[in-house]
file start.txt (compact mmCIF, C-alpha atoms)
# COMPACT_ATOMS: atom_id res chain seq x y z
CA MET H 1 -11.06 -22.46 30.80
CA LEU H 2 -8.32 -21.13 33.02
CA CYS H 3 -6.39 -23.72 34.92
CA SER H 4 -3.08 -24.52 36.54
CA HIS H 5 -0.05 -25.42 34.46
CA ILE H 6 1.38 -27.41 37.40
CA LYS H 7 0.19 -31.02 37.54
CA SER H 8 0.79 -31.45 41.29
CA GLY H 9 -1.24 -28.39 42.22
CA ARG H 10 1.86 -26.81 43.85
CA TYR H 11 4.60 -24.56 42.48
CA MET H 12 7.74 -22.85 43.62
CA ALA H 13 8.31 -19.12 43.35
CA GLU H 14 11.21 -19.65 40.91
CA ASP H 15 8.72 -21.11 38.38
CA HIS H 16 7.27 -17.64 37.71
CA LEU H 17 9.38 -16.76 34.67
CA SER H 18 8.96 -20.14 32.99
CA ASN H 19 5.20 -19.93 33.42
CA GLU H 20 5.10 -16.38 32.14
CA THR H 21 6.79 -17.76 29.04
CA SER H 22 4.10 -20.46 28.85
CA VAL H 23 1.33 -17.88 28.94
CA SER H 24 3.16 -15.80 26.36
CA ALA H 25 3.36 -18.85 24.11
CA GLU H 26 -0.34 -19.58 24.59
CA LEU H 27 -1.19 -16.03 23.57
CA THR H 28 1.08 -16.28 20.55
CA ASP H 29 -0.77 -19.44 19.48
CA THR H 30 -3.96 -17.46 19.92
CA GLY H 31 -2.70 -14.87 17.46
CA VAL H 32 -1.77 -12.18 19.97
CA LYS H 33 1.56 -10.67 19.05
CA ALA H 34 4.08 -7.99 19.98
CA ALA H 35 2.83 -5.12 22.13
CA ALA H 36 -0.67 -6.58 22.28
CA LYS H 37 0.75 -9.78 23.77
CA SER H 38 2.63 -7.76 26.37
CA ARG H 39 -0.56 -5.90 27.27
CA ALA H 40 -2.45 -9.17 27.56
CA VAL H 41 0.15 -10.84 29.81
CA ALA H 42 0.34 -7.79 32.10
CA ALA H 43 -3.46 -7.52 32.39
CA ILE H 44 -3.89 -11.25 33.07
CA ASP H 45 -1.15 -11.20 35.70
CA ARG H 46 -2.83 -8.23 37.40
CA LEU H 47 -6.28 -9.83 37.49
CA ALA H 48 -5.50 -13.49 38.08
CA GLY H 49 -2.64 -13.20 40.54
CA ASN H 50 0.57 -15.17 40.11
CA ILE H 51 0.84 -15.87 36.41
CA ALA H 52 2.08 -19.38 37.19
CA ASP H 53 -1.56 -20.28 37.69
CA LEU H 54 -2.44 -19.46 34.09
CA GLY H 55 -0.37 -21.59 31.71
CA ASN H 56 -2.08 -23.98 29.26
CA SER H 57 -5.32 -22.24 30.00
CA TRP H 58 -7.53 -24.43 27.83
CA LEU H 59 -6.37 -27.86 29.00
CA GLU H 60 -8.45 -28.26 32.18
CA SER H 61 -11.89 -27.11 33.25
CA ILE H 62 -12.38 -24.21 35.61
CA ASN H 63 -14.34 -26.52 37.90
CA ILE H 64 -11.15 -28.43 38.76
CA ARG H 65 -9.44 -25.19 39.57
CA ARG H 66 -12.33 -24.02 41.71
CA ARG H 67 -12.28 -27.26 43.70
CA ALA H 68 -8.56 -26.83 44.34
CA LYS H 69 -9.16 -23.24 45.45
CA SER H 70 -11.94 -24.37 47.79
CA GLU H 71 -9.64 -26.83 49.56
CA GLY H 72 -6.97 -24.16 49.90
CA GLU H 73 -9.52 -21.70 51.23
CA ARG H 74 -10.71 -24.25 53.81
CA GLN H 75 -7.20 -24.87 55.07
CA LEU H 76 -6.46 -21.15 55.15
CA ILE H 77 -9.66 -20.43 57.08
CA GLU H 78 -8.87 -23.12 59.64
CA ALA H 79 -5.30 -21.97 60.09
CA THR H 80 -6.31 -18.33 60.38
CA ALA H 81 -9.05 -19.17 62.88
CA ARG H 82 -6.52 -21.05 65.03
CA TYR H 83 -4.18 -18.07 64.81
CA GLY H 84 -6.99 -15.76 65.92
CA ILE H 85 -7.78 -17.97 68.91
CA GLU H 86 -4.17 -18.22 69.98
CA ARG H 87 -3.29 -14.57 69.49
CA LEU H 88 -6.49 -12.78 70.29
CA GLN H 89 -8.09 -15.23 72.69
CA ILE H 90 -11.50 -14.67 71.13
CA ASP H 91 -14.47 -16.96 70.76
CA GLU H 92 -13.80 -19.80 68.30
CA ALA H 93 -17.22 -19.62 66.62
CA PHE H 94 -16.86 -15.87 66.13
CA ALA H 95 -13.38 -16.30 64.66
CA ASN H 96 -14.56 -18.95 62.23
CA ARG H 97 -17.53 -16.86 61.07
CA ALA H 98 -15.47 -13.70 60.66
CA PHE H 99 -12.63 -15.25 58.73
CA GLU H 100 -14.85 -17.55 56.68
CA ASN H 101 -17.00 -14.64 55.52
CA HIS H 102 -13.95 -12.54 54.74
CA PHE H 103 -12.15 -15.16 52.71
CA LYS H 104 -15.33 -16.36 51.05
CA LYS H 105 -15.75 -12.83 49.71
CA ILE H 106 -12.16 -12.66 48.50
CA ALA H 107 -12.37 -16.12 46.94
CA GLY H 108 -15.62 -15.22 45.18
CA GLN H 109 -14.09 -12.06 43.73
CA GLN H 110 -11.11 -14.03 42.45
CA VAL H 111 -13.34 -16.68 40.86
CA ASN H 112 -15.18 -13.88 39.06
CA LYS H 113 -11.96 -12.29 37.85
CA ASP H 114 -10.61 -15.63 36.67
CA ALA H 115 -13.79 -16.25 34.69
CA VAL H 116 -13.54 -12.78 33.11
CA VAL H 117 -9.93 -13.48 32.10
CA THR H 118 -11.08 -16.78 30.55
CA GLU H 119 -13.62 -14.89 28.43
CA ALA H 120 -11.01 -12.30 27.43
CA ILE H 121 -8.55 -14.94 26.23
CA ASP H 122 -11.30 -16.75 24.31
CA ASP H 123 -12.31 -13.44 22.70
CA LEU H 124 -8.70 -12.72 21.69
CA ARG H 125 -8.50 -16.21 20.24
CA ARG H 126 -11.64 -15.61 18.15
CA THR H 127 -10.63 -12.09 17.11
CA PRO H 128 -6.87 -11.50 17.40
CA PRO H 129 -5.57 -7.93 17.15
CA THR H 130 -5.10 -6.81 13.57
CA ASP H 131 -1.66 -6.09 12.16
CA ASP H 132 -2.37 -2.40 12.78
CA GLU H 133 -3.65 -2.89 16.33
CA ALA H 134 -0.99 -5.31 17.60
CA PRO H 135 2.02 -2.95 17.57
CA ALA H 136 0.03 0.17 18.44
CA GLY H 137 -0.20 1.54 21.95
CA PRO H 138 1.79 1.00 25.15
CA ALA H 139 3.24 -2.29 26.43
CA ALA H 140 0.67 -2.41 29.25
CA VAL H 141 -2.94 -1.41 29.65
CA SER H 142 -3.15 1.78 31.70
CA GLU H 143 -3.28 1.61 35.48
CA GLU H 144 -6.35 3.85 35.45
CA PHE H 145 -8.22 1.35 33.31
CA MET H 146 -7.03 -1.70 35.24
CA SER H 147 -7.88 -0.32 38.68
CA ARG H 148 -11.42 0.53 37.58
CA PHE H 149 -11.85 -2.63 35.51
CA GLU H 150 -10.76 -4.91 38.35
CA HIS H 151 -13.57 -3.56 40.51
CA PHE H 152 -16.17 -4.41 37.87
CA ALA H 153 -14.64 -7.83 37.11
CA GLU H 154 -14.78 -8.78 40.80
CA ALA H 155 -18.56 -8.29 40.74
CA ALA H 156 -19.16 -10.30 37.55
CA THR H 157 -21.18 -13.10 39.13
CA SER H 158 -23.21 -14.14 36.06
CA GLU H 159 -22.09 -15.67 32.78
CA GLU H 160 -23.54 -12.69 30.89
CA LEU H 161 -21.50 -10.21 32.94
CA ARG H 162 -18.33 -12.30 32.71
CA GLU H 163 -18.65 -12.48 28.94
CA ARG H 164 -19.32 -8.74 28.74
CA TRP H 165 -16.31 -7.78 30.84
CA GLY H 166 -14.12 -10.35 29.12
CA ARG H 167 -14.92 -8.71 25.80
CA VAL H 168 -14.18 -5.29 27.28
CA LEU H 169 -10.74 -6.42 28.49
CA ALA H 170 -9.96 -8.00 25.11
CA GLY H 171 -11.09 -4.81 23.37
CA GLU H 172 -8.83 -2.65 25.54
CA ILE H 173 -5.89 -4.99 24.88
CA ARG H 174 -6.51 -4.73 21.15
CA LYS H 175 -6.91 -0.96 21.20
CA PRO H 176 -5.84 0.81 24.42
CA GLY H 177 -7.92 3.85 25.30
CA THR H 178 -11.18 2.48 23.89
CA PHE H 179 -12.84 2.24 27.30
CA SER H 180 -12.71 5.50 29.23
CA PRO H 181 -13.94 5.73 32.86
CA LYS H 182 -17.25 7.06 31.52
CA VAL H 183 -17.65 4.11 29.15
CA LEU H 184 -16.77 1.62 31.90
CA ARG H 185 -19.42 3.11 34.18
CA ALA H 186 -22.02 3.02 31.41
CA THR H 187 -21.09 -0.59 30.62
CA ASP H 188 -21.56 -1.53 34.26
CA GLU H 189 -24.98 0.13 34.36
CA LEU H 190 -26.17 -1.40 31.08
CA ASP H 191 -29.12 -3.69 31.70
CA ARG H 192 -29.57 -7.01 29.97
CA GLU H 193 -32.49 -5.90 27.76
CA ALA H 194 -30.62 -2.88 26.37
CA ALA H 195 -27.44 -4.94 25.88
CA ALA H 196 -29.30 -7.67 23.98
CA LEU H 197 -31.12 -5.17 21.75
CA PHE H 198 -27.90 -3.28 21.00
CA GLU H 199 -26.04 -6.48 20.11
CA SER H 200 -28.87 -7.52 17.77
CA LEU H 201 -28.30 -4.31 15.77
CA MET H 202 -24.62 -4.92 15.00
CA PRO H 203 -25.35 -6.50 11.58
CA TYR H 204 -26.47 -2.99 10.50
CA ARG H 205 -23.45 -1.07 11.77
CA VAL H 206 -20.99 0.82 9.59
CA ARG H 207 -18.41 3.01 11.31
CA ASP H 208 -20.30 4.74 14.15
CA LEU H 209 -23.68 4.49 12.40
CA LEU H 210 -26.60 2.08 12.15
CA VAL H 211 -28.18 2.04 8.68
CA ILE H 212 -31.93 2.37 9.21
CA SER H 213 -33.16 1.15 5.82
CA ILE H 214 -31.77 -2.37 6.29
CA MET H 215 -32.76 -2.69 9.97
CA PRO H 216 -35.94 -4.03 11.53
CA GLU H 217 -38.06 -1.03 12.49
CA LEU H 218 -37.46 0.03 16.09
CA SER H 219 -40.44 0.80 18.26
CA PHE H 220 -40.62 4.03 20.25
CA GLU H 221 -39.86 2.04 23.41
CA GLU H 222 -36.79 0.42 21.84
CA LYS H 223 -35.44 3.77 20.68
CA LEU H 224 -36.02 5.18 24.14
CA LEU H 225 -34.22 2.20 25.69
CA LEU H 226 -31.15 2.72 23.51
CA VAL H 227 -31.10 6.48 24.09
CA SER H 228 -31.60 6.11 27.86
CA ALA H 229 -28.75 3.59 27.99
CA GLY H 230 -26.49 6.14 26.31
CA LEU H 231 -25.90 3.96 23.24
CA ILE H 232 -27.36 6.09 20.43
CA VAL H 233 -27.80 9.83 19.96
CA GLU H 234 -31.36 11.07 20.39
CA PRO H 235 -32.70 11.01 16.79
CA GLY H 236 -35.23 13.81 17.36
CA THR H 237 -38.26 14.22 15.14
CA SER H 238 -36.43 14.39 11.81
CA GLY H 239 -33.78 11.75 12.47
CA HIS H 240 -30.17 11.77 11.27
CA ARG H 241 -28.77 11.46 7.75
CA ASN H 242 -25.42 10.32 6.43
CA THR H 243 -24.55 12.22 3.25
CA PHE H 244 -22.78 10.78 0.22
CA GLY H 245 -19.38 12.08 -0.78
CA THR H 246 -18.05 12.22 -4.32
CA ILE H 247 -15.69 10.03 -6.28
CA LYS H 248 -13.94 10.85 -9.56
CA VAL H 249 -12.19 8.06 -11.39
CA LYS H 250 -10.28 8.77 -14.59
CA GLY H 251 -12.48 8.11 -17.58
CA GLU H 252 -15.61 7.91 -15.45
CA GLU H 253 -18.41 10.39 -14.78
CA GLU H 254 -18.18 12.08 -11.38
CA ALA H 255 -20.33 10.11 -8.98
CA TRP H 256 -21.93 10.15 -5.55
CA ALA H 257 -20.22 7.61 -3.30
CA SER H 258 -20.41 6.14 0.18
CA SER H 259 -17.99 3.76 1.86
CA PHE H 260 -18.84 0.65 3.85
CA GLY H 261 -15.56 -0.55 5.27
CA SER H 262 -13.29 -1.41 2.34
CA LEU H 263 -16.26 -1.39 -0.05
CA THR H 264 -17.38 1.82 -1.76
CA LEU H 265 -20.54 2.06 -3.83
CA SER H 266 -21.34 4.88 -6.22
CA PHE H 267 -23.86 6.09 -8.75
CA PRO H 268 -23.55 8.89 -11.33
CA LYS H 269 -24.37 12.44 -10.27
CA SER H 270 -26.61 12.71 -13.30
CA VAL H 271 -29.12 10.37 -11.62
CA SER H 272 -31.95 12.41 -10.12
CA VAL H 273 -32.82 11.84 -6.49
CA SER H 274 -34.67 15.11 -5.95
CA HIS H 275 -38.07 13.39 -5.71
CA LYS H 276 -36.90 10.82 -3.18
CA ASN H 277 -37.60 11.22 0.51
CA SER H 278 -37.08 7.98 2.39
CA GLU H 279 -34.63 6.41 4.80
CA ILE H 280 -33.00 4.77 1.77
CA ILE H 281 -32.24 7.98 -0.14
CA SER H 282 -33.14 11.64 0.25
CA LEU H 283 -31.54 15.02 -0.19
CA ALA H 284 -29.70 16.80 2.60
CA ARG H 285 -28.28 20.19 1.61
CA GLN H 286 -28.62 19.14 -2.04
CA GLU H 287 -26.58 16.00 -1.46
CA PRO H 288 -27.92 12.43 -1.41
CA ALA H 289 -28.16 10.94 2.07
CA PHE H 290 -29.56 7.92 3.88
CA GLY H 291 -31.14 7.55 7.31
CA VAL H 292 -28.98 6.45 10.24
CA TYR H 293 -28.84 6.22 13.99
CA ILE H 294 -25.62 7.67 15.39
CA LEU H 295 -23.74 5.78 18.09
CA THR H 296 -22.55 7.67 21.16
CA ASP H 297 -19.01 7.28 22.51
CA VAL H 298 -20.36 4.52 24.75
CA GLY H 299 -22.08 2.87 21.80
CA ARG H 300 -18.92 3.08 19.69
CA ALA H 301 -16.80 1.49 22.40
CA LEU H 302 -19.24 -1.33 23.03
CA SER H 303 -19.81 -1.96 19.33
CA SER H 304 -16.05 -2.37 18.90
CA ILE H 305 -16.16 -5.59 20.93
CA LEU H 306 -19.09 -7.08 19.01
CA PRO H 307 -18.87 -8.78 15.60
CA PHE H 308 -20.01 -6.81 12.56
CA ASN H 309 -19.44 -6.80 8.79
CA GLU H 310 -19.38 -3.40 7.10
CA ILE H 311 -19.08 -4.87 3.60
CA GLN H 312 -22.25 -6.88 4.09
CA VAL H 313 -23.99 -3.72 5.30
CA GLY H 314 -22.95 -2.04 2.04
CA VAL H 315 -24.28 -4.92 -0.03
CA GLU H 316 -27.62 -4.90 1.79
CA TYR H 317 -27.90 -1.13 1.44
CA ALA H 318 -27.14 -1.35 -2.30
CA LYS H 319 -30.05 -3.78 -2.69
CA ARG H 320 -32.38 -1.23 -1.08
CA LEU H 321 -30.93 1.63 -3.12
CA ILE H 322 -31.69 -0.15 -6.38
CA THR H 323 -35.36 -0.31 -5.40
CA GLU H 324 -35.41 3.49 -5.08
CA ILE H 325 -33.33 4.42 -8.11
CA PRO H 326 -33.53 1.39 -10.43
CA ALA H 327 -32.15 3.36 -13.35
CA ALA H 328 -28.92 4.12 -11.53
CA ASN H 329 -25.83 2.26 -12.61
CA ILE H 330 -24.42 1.38 -9.20
CA SER H 331 -20.70 0.66 -9.26
CA PHE H 332 -18.57 -0.98 -6.59
CA TRP H 333 -15.00 -0.04 -5.75
CA GLN H 334 -12.18 -1.06 -3.47
CA GLN H 335 -9.63 1.45 -2.23
CA TYR H 336 -6.09 0.09 -2.62
CA GLU H 337 -4.29 3.36 -1.77
CA PRO H 338 -5.52 6.67 -0.30
CA GLY H 339 -7.63 8.24 -3.02
CA GLN H 340 -7.01 5.36 -5.43
CA TYR H 341 -9.89 3.01 -6.28
CA ALA H 342 -10.29 -0.10 -8.38
CA ARG H 343 -13.65 -1.23 -9.73
CA ILE H 344 -14.72 -4.66 -8.55
CA PRO H 345 -17.46 -7.01 -9.79
CA SER H 346 -20.88 -6.33 -8.37
CA PRO H 347 -21.52 -8.40 -5.24
CA LEU H 348 -25.22 -8.27 -6.13
CA ALA H 349 -24.82 -10.58 -9.12
call {"tool": "encode", "arguments": {"input": "start.txt", "output": "C-alpha cells"}}
result
Amino acid sequence: MLCSHIKSGRYMAEDHLSNETSVSAELTDTGVKAAAKSRAVAAIDRLAGNIADLGNSWLESINIRRRAKSEGERQLIEATARYGIERLQIDEAFANRAFENHFKKIAGQQVNKDAVVTEAIDDLRRTPPTDDEAPAGPAAVSEEFMSRFEHFAEAATSEELRERWGRVLAGEIRKPGTFSPKVLRATDELDREAAALFESLMPYRVRDLLVISIMPELSFEEKLLLVSAGLIVEPGTSGHRNTFGTIKVKGEEEAWASSFGSLTLSFPKSVSVSHKNSEIISLARQEPAFGVYILTDVGRALSSILPFNEIQVGVEYAKRLITEIPAANISFWQQYEPGQYARIPSPLA
C-alpha cells in the first residue's frame, strides 16, 4: 500500500528530491527501468501530489495513511472555518458545513487516486515493462492522457474500479499511447458483468483474436454483451476466420502455418482440409482457417493489461486440430530471426 516515507508524519520542502530518489529506487526494485521508470515517477507525482508522500510504498498500510489524512483534514477544516468567520463574518454552522463538504470531497478524490496508484505500482511489480517496452516512448505519459485519467481515478470508489484504473495506468506506462480518449471513455462505461466476462476469455487470446474452438461456447446474450460493450467486432451470421500463412523450411515440404506468440505450428500443404467445415479448421478462399472473435481497439487495449499466454493457446489449438486432421504431421517451430525458424520438440508429448 502507499504510505509516507517520513516516520514523524511531517516533512520539509527540501526533502522532495531525496524522496523522488526513494520512489525511483522502489520502482527500480520493482523492475521498472529507464524511460518507463521516468514515466511512472511523473505519473505518480501528478496523481498523488508531493512525491515525498510515496517512498517505501509497501512498508505501511494505506489505513495508517488515511487516518493521518483524516486528522490533517479535520485541522484544516477547523482552521478554514475560523478564517471564514473572521473574514466573512458568516454563520459558524454554515461555514463548517460548507468547508467540511468541500474538503471531504477533495479528500475522497485523493484517497481514490492514491488507491489507484497503489494498484498501478503493484501491477508494474507483477508485470514489469519488457526490454522492448522500457526504453520506448517519451519520458512522461502524455498530458492528454493524464488529465483525462485523473478524472476517472478520482471517481474510483470501489476496489474493482481502483484495480481496473491501476492496470490502465500501468499499461500506459509500459506502452504509451495504448489508451486513447475513446478507450478511456469505454473503460469508464464498462459494466462489471462485461468486464468479468471479457477477463475470463483472456486464456483464449492470441494477438487481437479469441480462438473459438478452445473457448467455452458463448451464448447469444454473452456475445451481445461483448459487442455492446465495444470489446469484440460483431461476428455476423458467418463469423470471422483467421487464415493460415505458409512456411518453407529448407529440406521440408511447404506447409500451412499459424503463429501463437513465439510458437508457430504447421502441417504439410498436401494434407486435405477441403471436407472440413468447423471452427477448428475450414477453408477460406482456398486457405485453411480457424474461427475467431476479433477484438476492437477497446478490446485490444483492455486485453493488454490482462494476463494471457499465447503459447498455451497454440498448444490447446493444436490438440483440437489433431482431432480434425489426425493424419497431419503437425510440427512446431520457434522463430529466432525474422523469417528464420527452428523446429522444437512437440509440446503435446
call {"tool": "closest_residue", "arguments": {"input": "start.txt", "among": "H:Ser270, H:Ser142, H:Gln335, H:Gln109", "to": "H:Val249", "atoms": "all atoms listed in the file"}}
result
H:Gln335
call {"tool": "closest_residue", "arguments": {"input": "start.txt", "among": "H:Ile294, H:Lys319, H:Ala48, H:Gly230", "to": "H:Lys182", "atoms": "all atoms listed in the file"}}
result
H:Gly230
call {"tool": "axis_aligned_box", "arguments": {"input": "start.txt", "around": "stretch 298-308 of chain H", "padding_each_side": "5 Å", "output": "AutoDock Vina command-line options"}}
result
--center_x -19.1 --center_y -2.1 --center_z 18.7 --size_x 16.0 --size_y 23.3 --size_z 22.2
call {"tool": "residues_around", "arguments": {"input": "start.txt", "residues": "H:Ile330", "least_positions_apart": "2", "cutoff": "6 Å", "atoms": "all atoms listed in the file", "output": "tab-separated table (two decimals) with C-alpha atoms, in the coordinates of the input"}}
result
chain	number	residue	atom	x	y	z
H	266	SER	CA	-21.34	4.88	-6.22
H	267	PHE	CA	-23.86	6.09	-8.75
H	328	ALA	CA	-28.92	4.12	-11.53
call {"tool": "residues_around", "arguments": {"input": "start.txt", "residues": "H:Tyr293", "least_positions_apart": "4", "cutoff": "12 Å", "atoms": "only C-alpha atoms", "output": "PyMOL selection string"}}
result
chain H and resi 198+201-202+204-215+217-218+223+226-227+231-236+238-242+279+299-300
call {"tool": "write_last_selection", "arguments": {"input": "start.txt", "atoms": "C-alpha atoms", "output": "mmCIF file, in the coordinates of the input"}}
result
data_model
loop_
_atom_site.group_PDB
_atom_site.id
_atom_site.type_symbol
_atom_site.label_atom_id
_atom_site.label_comp_id
_atom_site.auth_asym_id
_atom_site.auth_seq_id
_atom_site.Cartn_x
_atom_site.Cartn_y
_atom_site.Cartn_z
ATOM 1 C CA PHE H 198 -27.900 -3.280 21.000
ATOM 2 C CA LEU H 201 -28.300 -4.310 15.770
ATOM 3 C CA MET H 202 -24.620 -4.920 15.000
ATOM 4 C CA TYR H 204 -26.470 -2.990 10.500
ATOM 5 C CA ARG H 205 -23.450 -1.070 11.770
ATOM 6 C CA VAL H 206 -20.990 0.820 9.590
ATOM 7 C CA ARG H 207 -18.410 3.010 11.310
ATOM 8 C CA ASP H 208 -20.300 4.740 14.150
ATOM 9 C CA LEU H 209 -23.680 4.490 12.400
ATOM 10 C CA LEU H 210 -26.600 2.080 12.150
ATOM 11 C CA VAL H 211 -28.180 2.040 8.680
ATOM 12 C CA ILE H 212 -31.930 2.370 9.210
ATOM 13 C CA SER H 213 -33.160 1.150 5.820
ATOM 14 C CA ILE H 214 -31.770 -2.370 6.290
ATOM 15 C CA MET H 215 -32.760 -2.690 9.970
ATOM 16 C CA GLU H 217 -38.060 -1.030 12.490
ATOM 17 C CA LEU H 218 -37.460 0.030 16.090
ATOM 18 C CA LYS H 223 -35.440 3.770 20.680
ATOM 19 C CA LEU H 226 -31.150 2.720 23.510
ATOM 20 C CA VAL H 227 -31.100 6.480 24.090
ATOM 21 C CA LEU H 231 -25.900 3.960 23.240
ATOM 22 C CA ILE H 232 -27.360 6.090 20.430
ATOM 23 C CA VAL H 233 -27.800 9.830 19.960
ATOM 24 C CA GLU H 234 -31.360 11.070 20.390
ATOM 25 C CA PRO H 235 -32.700 11.010 16.790
ATOM 26 C CA GLY H 236 -35.230 13.810 17.360
ATOM 27 C CA SER H 238 -36.430 14.390 11.810
ATOM 28 C CA GLY H 239 -33.780 11.750 12.470
ATOM 29 C CA HIS H 240 -30.170 11.770 11.270
ATOM 30 C CA ARG H 241 -28.770 11.460 7.750
ATOM 31 C CA ASN H 242 -25.420 10.320 6.430
ATOM 32 C CA GLU H 279 -34.630 6.410 4.800
ATOM 33 C CA GLY H 299 -22.080 2.870 21.800
ATOM 34 C CA ARG H 300 -18.920 3.080 19.690
#
call {"tool": "atom_distance", "arguments": {"input": "start.txt", "atom1": "atom CA of H:Arg148", "atom2": "atom CA of H:Ser200"}}
result
27.6 Å
call {"tool": "closest_residue", "arguments": {"input": "start.txt", "among": "H:Arg162, H:Arg192, H:Arg39, H:His151", "to": "H:Pro138", "atoms": "all atoms listed in the file"}}
result
H:Arg39
call {"tool": "atom_distance", "arguments": {"input": "start.txt", "atom1": "atom CA of H:Gln340", "atom2": "atom CA of H:Thr243"}}
result
20.7 Å
call {"tool": "atom_distance", "arguments": {"input": "start.txt", "atom1": "atom CA of H:Leu224", "atom2": "atom CA of H:Ala153"}}
result
28.2 Å
call {"tool": "residues_around", "arguments": {"input": "start.txt", "residues": "H:Ile311", "least_positions_apart": "2", "cutoff": "6 Å", "atoms": "all atoms listed in the file", "output": "NGL selection string"}}
result
:H and (260-261 or 263 or 309 or 313-314)
call {"tool": "residues_near_point", "arguments": {"input": "start.txt", "point": "(-25.7, -3.8, -5.4)", "cutoff": "7 Å", "atoms": "all atoms listed in the file", "output": "list in words"}}
result
Val315, Ala318, Lys319, Ile330, Ser346, Pro347 and Leu348 of chain H
